[in-house]
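Visitor: First, the structure itself, so that you have it in front of you.
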Amino acid sequence: MPQPLLEVRDLVTAFDTDAGQVTAVDGVSFTVEKGKTLGLVGESGCGKSVTALSIIRLLPQPMGNILGGKVLLEGKDLTQISEEEMHKVRGGRIGMIFQEPLTALNPVHRIGKQLSEVFLLHKDISRKEAWDRSIDILRKVGIPSAEVRAAEYPHQLSGGMRQRVVIAMALACKPSLVIADEPTTALDVTIQAQILELMKELQAEMGMSIIMITHDLGVIAETCDDVVVMYAGRVAEKGTVEDIFKRPAHLYTKGLLDSIPRMENERKSRLKTIEGYVPGLLELPVGARFAPRSPHPEAGEYIQSEAFKSERPGLVEIEPGHWVEDHPVVRVDKMPVQS
Amino acid sequence: MIAKNDSPTGSNGEKPLLELRNLRKYFPVKGGVFLRAKAQLKAVDDVSLHIQPGETLGLVGESGCGKSTLGKCVCRLHDATEGQVLFRGQDITRLRGKSLKPFRRDIQMIFQDPAESLNSRHSVGNILEEPLLIHGVKSPAERRQRVAKLLDTVGLSKDSADRFPFEFSGGQRQRIGIARAISLNPELVVCDEPVSALDVSVQSQILNLMMDLQKEFRLSYLFIAHDLAVVKHISDRIAIMYLGKIVELGPAEEIFRNPLHAYTKALISAIPLPEPHTKRERIILKGDVPSPIDPPPGCAFARRSWIHCSEEEMNQPGEFREVQPGHWVEIHPATVENYQQYLA
C-alpha cells in the first residue's frame with residue numbers, strides 16, 4: 001500500500017480549564033489518502049474541530065495542548081517540528097478553510113493584498129507578481145471581474161464570494177492537504193451547492209486531499225471517500241462512505257442516520273431519535289461513551305458495571321477498512337434481533 | 001387582472017386562523033448627513049397567505065429573503081407598512097395596548113437560538129411563570145402547578161424549575177423555549193428556525209415534541225426554516241419565499257413532487273442527500289440573491305434563472321396564479337418552463 005498523505009495516530013489533546021483538565025480528543029487515529037476526501041463527522045463537542053486544530057497546531061494557547069500521539073504528514077511528525085517550520089507548513093503544504101469567512105479575512109486589507117501575503121510568505125517573488133497570481137487564483141475560484149474584486153475589501157463581497165476568497169487563499173500555494181472546517185454551514189443551500197461543486201472541481205484539477213469537517217451527513221455523503229464518525233472525543237466508527245451510510249456498524253452512526261428527516265419519509269410520521277444528550281466533557285467515562293444513550297438492552301447493566309469505569313474498548317475491523325468501537329452494547333451487529 | 005389573493009377559506013370551508021392580505025414591510029435605509037431615508041429595503045413585499053386551525057405552514061427561503069420579518073409581522077413584533085394581518089377574521093394590524101393583549105397570548109413565538117432567547121438571570125421557573133403572571137394567573141400556587149405541568153409536557157424534570165438556562169444543553173433549552181411558548185395555550189405558534197441550531201440527534205427529538213404538541217393542543221404553526229427536508233416532514237403546506245415575495249405555495253407533497261418555479265427546483269436539487277453515490281441532476285444557480293434595497297425591476301429571479309428569457313421579458317413582473325387547486329406559482333418566462341400553458 002502506498003504511504004498515506006496524512007496519518008493521525010493516537011492523538012490526545014487536552015484543555016486546561018478552571019474546572020480541571022478536559023480531554024477533548026482522546027486517542028484518535030485515521031489516515032488521509034492522496035487526492036481523497038476524508039469526512040470528520042460528529043455533533044457539537046465531539047472533538048472534530050479540535051482534531052483539525054491539533055493537526056495544524058493552532059490550538060488556543062496556553063490552554064490547549066497535544067498530550068500524545070503523532071501527526072505524520074508524508075512520514076514527518078508535525079507535533080515534533082519547530083514553530084518556525086510549522087509556520088511554513090500552514091498555508092504551504094496544508095491549507096485551511098474555516099466556517100465563517102468574515103472572521104477568516106482581515107477587514108481592513110484589500111482582498112488582493114491578503115492573497116498576495118500568502119504568496120510573499122511562501123514564495124520568493126515580487127509584490128507585482130504576487131498580485132498577478134492573486135488575480136489568477138481569484139479567477140480560478142470563479143470570482144467574476146477578479147481585477148476589480150482584488151482591490152475591494154471583504155465587506156464588499158457576499159457570503160458566497162467571501163468563502164470563495166478563503167478557498168483561494170487556502171489553495172494559493174497548491175497545498176497537498178486542505179482542512180475545511182464546516183466550510184458551508186454559514187451559507188445558504190444554493191450557495192452551498194456552488195461551493196461544494198467548486199471544491200470538487202479544484203480537487204480534480206489540483207489533486208489535493210481534503211479533510212471535510214461537518215455535522216451535515218448530506219454534505220459528507222456527497223463529498224467524501226472515507227468517513228470518521230466521532231463521539232465524545234473518540235472514534236466511534238470509520239470506513240468508506242459506503243460502509244458508513246449503507247452498513248453502519250456503530251449504534252450511534254445508525255441512530256444519526258435514522259434521525260434525519262428524509263425526503264421519502266411519510267409526512268408528520270414520528271422521527272427516530274437518539275435518547276438523551278451528548279455527555280459533558282468533564283464527566284466522561286473510560287468505557288464505551290455512547291452506552292448511556294444506547295438502545296441495547298444490556299446497556300443499562302453495563303453502565304453500572306466496573307468495566308464502564310475502567311476498561312476502554314478498542315476498535316475492531318469488521319470488514320476490510322471498516323472499523324468500529326469494540327463493545328457489544330454499541331455495536332449494531334450485537335443488537336438482539338427483535339421478534 | 002393579477003390574482004394576488006389566496007383563497008380566503010380553506011378546502012373544508014373552515015375559516016382561516018390567520019390571514020395575511022397584501023402584507024408589506026419596508027425598512028427605510030438611512031444615509032447622508034441628516035440620516036434621511038434614501039432608499040427602501042423591501043423585506044416583505046406584497047405577501048398574501050392563510051393558515052388553517054391545526055395546520056402547519058412551512059415558510060422556506062434563503063437568508064435575507066424576508067421570512068423572519070414576515071414571522072415578526074405576524075406576531076406584531078414589527079408593524080406592517082401596508083396590508084393586513086387578520087387573526088380569526090379580525091384585523092389586528094393596527095391594534096395597540098389593551099386591545100392587542102389577548103392576541104399576544106394567542107400568537108406565540110419560538111426562536112432559533114434558545115441560549116439567546118431565555119433570560120440567563122432568571123430561573124426556568126421564573127421564565128415560565130412570567131407569561132402566566134402577565135396574563136392574570138394570580139395565585140402563586142397555581143402558577144407553580146402549571147409550570148410543573150408544562151415541564152412535564154415538554155419532557156423536562158420538575159426540579160428544572162429551580163435551575164438556570166445555562167445548566168441545560170441546547171436541546172433542553174429549546175424545550176424550555178417551547179414550554180414558554182405554549183404556557184398560555186396559544187392557537188398559533190410562529191417558529192423561526194426552531195431546530196437549525198441543534199445537533200442532528202436532538203433535532204428529531206424536538207420535531208417529534210412539536211408534532212405531539214400540535215396534535216394534543218391543535219396548534220397551528222408557521223414554521224420558518226431553510227432546511228427543506230425538515231420543512232417537508234412537518235408541514236401541511238409550504239410557501240417558498242424569494243426576495244420578499246412568495247414565489248410558490250402549495251401542499252407539501254405537491255411542492256416536492258411537482259415543483260414548478262425554477263427557484264423551488266433549484267432549492268430542492270441543492271439539498272445534499274445522505275446517500276452516497278446517488279446520481280442526480282443538480283441545478284447550480286448563477287450568482288447571489290440580489291439586494292432587497294432597490295431590487296431589479298420586473299421578475300426578481302429572472303437574472304439567476306437557468307430558463308432564458310429576453311431582456312425585455314426580464315423587466316416584466318411575474319403573475320402569481322393558482323395552477324392547480326391550492327398550488328400557486330409565480331408565472332414568468334424565466335420562472336416556469338412552458339409558462340404559456342398556465343396562462344390560458
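To be explicit about the labels: the chains of the C-alpha cells are called A, B, and onward in the order shown, and within each one the residues are counted from 1, while ligands get numbers from 1 in the order they are shown.
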Which residues, written as a PDB file with N, CA and C atoms, in the first residue's frame, have at least one atom at most 12 Å from Glu167 in chain B, with only C-alpha atoms counted and residues fewer than 3 positions away on the same chain left out?

Guide:
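Result saved to around_11.pdb:
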ATOM      1  N   GLY A 280     -21.256  15.742  28.938  1.00  0.00           N
ATOM      2  CA  GLY A 280     -20.323  16.847  29.124  1.00  0.00           C
ATOM      3  C   GLY A 280     -18.903  16.312  29.178  1.00  0.00           C
TER       4      GLY A 280
ATOM      5  N   ALA B 115     -30.388  29.826  23.598  1.00  0.00           N
ATOM      6  CA  ALA B 115     -29.453  30.416  24.542  1.00  0.00           C
ATOM      7  C   ALA B 115     -29.650  31.926  24.613  1.00  0.00           C
ATOM      8  N   SER B 120     -30.828  34.731  31.040  1.00  0.00           N
ATOM      9  CA  SER B 120     -29.902  33.870  31.784  1.00  0.00           C
ATOM     10  C   SER B 120     -29.896  34.159  33.282  1.00  0.00           C
ATOM     11  N   ARG B 121     -30.498  35.297  33.702  1.00  0.00           N
ATOM     12  CA  ARG B 121     -30.501  35.637  35.125  1.00  0.00           C
ATOM     13  C   ARG B 121     -31.733  35.112  35.849  1.00  0.00           C
ATOM     14  N   HIS B 122     -32.661  34.574  35.083  1.00  0.00           N
ATOM     15  CA  HIS B 122     -33.874  34.056  35.714  1.00  0.00           C
ATOM     16  C   HIS B 122     -33.857  32.534  35.737  1.00  0.00           C
ATOM     17  N   SER B 123     -34.430  31.972  36.794  1.00  0.00           N
ATOM     18  CA  SER B 123     -34.548  30.517  36.834  1.00  0.00           C
ATOM     19  C   SER B 123     -35.605  30.102  35.812  1.00  0.00           C
ATOM     20  N   VAL B 124     -35.554  28.844  35.426  1.00  0.00           N
ATOM     21  CA  VAL B 124     -36.515  28.342  34.447  1.00  0.00           C
ATOM     22  C   VAL B 124     -37.942  28.529  34.965  1.00  0.00           C
ATOM     23  N   SER B 160     -36.250  21.046  37.254  1.00  0.00           N
ATOM     24  CA  SER B 160     -35.681  22.000  36.302  1.00  0.00           C
ATOM     25  C   SER B 160     -36.085  23.428  36.642  1.00  0.00           C
ATOM     26  N   ALA B 161     -37.253  23.586  37.290  1.00  0.00           N
ATOM     27  CA  ALA B 161     -37.776  24.922  37.578  1.00  0.00           C
ATOM     28  C   ALA B 161     -36.802  25.754  38.411  1.00  0.00           C
ATOM     29  N   ASP B 162     -36.009  25.104  39.254  1.00  0.00           N
ATOM     30  CA  ASP B 162     -35.102  25.845  40.131  1.00  0.00           C
ATOM     31  C   ASP B 162     -33.738  26.066  39.504  1.00  0.00           C
ATOM     32  N   ARG B 163     -33.539  25.546  38.293  1.00  0.00           N
ATOM     33  CA  ARG B 163     -32.229  25.698  37.669  1.00  0.00           C
ATOM     34  C   ARG B 163     -32.245  26.848  36.653  1.00  0.00           C
ATOM     35  N   PHE B 164     -31.061  27.172  36.151  1.00  0.00           N
ATOM     36  CA  PHE B 164     -30.925  28.299  35.230  1.00  0.00           C
ATOM     37  C   PHE B 164     -30.630  27.812  33.811  1.00  0.00           C
ATOM     38  N   GLY B 170     -28.372  22.467  24.604  1.00  0.00           N
ATOM     39  CA  GLY B 170     -29.138  23.184  23.579  1.00  0.00           C
ATOM     40  C   GLY B 170     -30.537  22.624  23.384  1.00  0.00           C
ATOM     41  N   GLY B 171     -30.638  21.304  23.322  1.00  0.00           N
ATOM     42  CA  GLY B 171     -31.934  20.680  23.097  1.00  0.00           C
ATOM     43  C   GLY B 171     -32.881  20.905  24.259  1.00  0.00           C
ATOM     44  N   GLN B 172     -32.345  20.812  25.481  1.00  0.00           N
ATOM     45  CA  GLN B 172     -33.187  21.036  26.665  1.00  0.00           C
ATOM     46  C   GLN B 172     -33.653  22.482  26.726  1.00  0.00           C
ATOM     47  N   ARG B 173     -32.748  23.397  26.332  1.00  0.00           N
ATOM     48  CA  ARG B 173     -33.122  24.811  26.328  1.00  0.00           C
ATOM     49  C   ARG B 173     -34.226  25.077  25.318  1.00  0.00           C
ATOM     50  N   ILE B 176     -37.375  24.332  26.887  1.00  0.00           N
ATOM     51  CA  ILE B 176     -37.841  25.419  27.759  1.00  0.00           C
ATOM     52  C   ILE B 176     -38.514  26.507  26.919  1.00  0.00           C
TER      53      ILE B 176
END

Visitor: I want to know what sits within 8 Å of Pro285 in chain A, based on only C-alpha atoms, with residues of the same chain fewer than 4 positions away left out; could you give that as a list in words?

Guide: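 With the cut-off at 8 Å, the set is Arg289, Phe308, Lys309 and Ser310 of chain A.
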
Visitor: Mind writing the picked residues with C-alpha atoms as a PDB file, in the first residue's frame?

Guide:
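Saved as out15.pdb:
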ATOM      1  CA  ARG A 289     -19.117   6.538  25.922  1.00  0.00           C
ATOM      2  CA  PHE A 308     -17.633   1.020  32.306  1.00  0.00           C
ATOM      3  CA  LYS A 309     -15.495   2.953  34.775  1.00  0.00           C
ATOM      4  CA  SER A 310     -12.149   1.385  33.981  1.00  0.00           C
TER       5      SER A 310
END

Visitor: Find the residues in chain A near chain B: any atom within 6 Å counts, using only C-alpha atoms. Write them as a ChimeraX atom specification.

Guide: /A:43,188,190,193,217-219,221-222,256,259,261,263,267-268,270-271,273-274

Visitor: Ranking A:Val148, A:Asp216, A:Ala288, A:Asp16 by minimum distance to Ile66 in chain A and counting only C-alpha atoms, which one comes first?

Guide: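 Under the stated criterion, the closest residue is A:Asp16.
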
Visitor: Could you give me, as a list of chain:residue names, the residues within 6 Å of Val8 in chain A, counting only C-alpha atoms and dropping anything in the same chain fewer than 3 positions from it?

Guide: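 Counting only C-alpha atoms, the residues come to A:Ser29, A:Phe30, A:Lys70, A:Val71.
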
Visitor: Considering only strand (DSSP E or B) as DSSP defines it on the backbone, what residues of range 247-339 of chain A qualify? List them as a PyMOL selection string.

Guide: chain A and resi 250+315-319+322-325+331
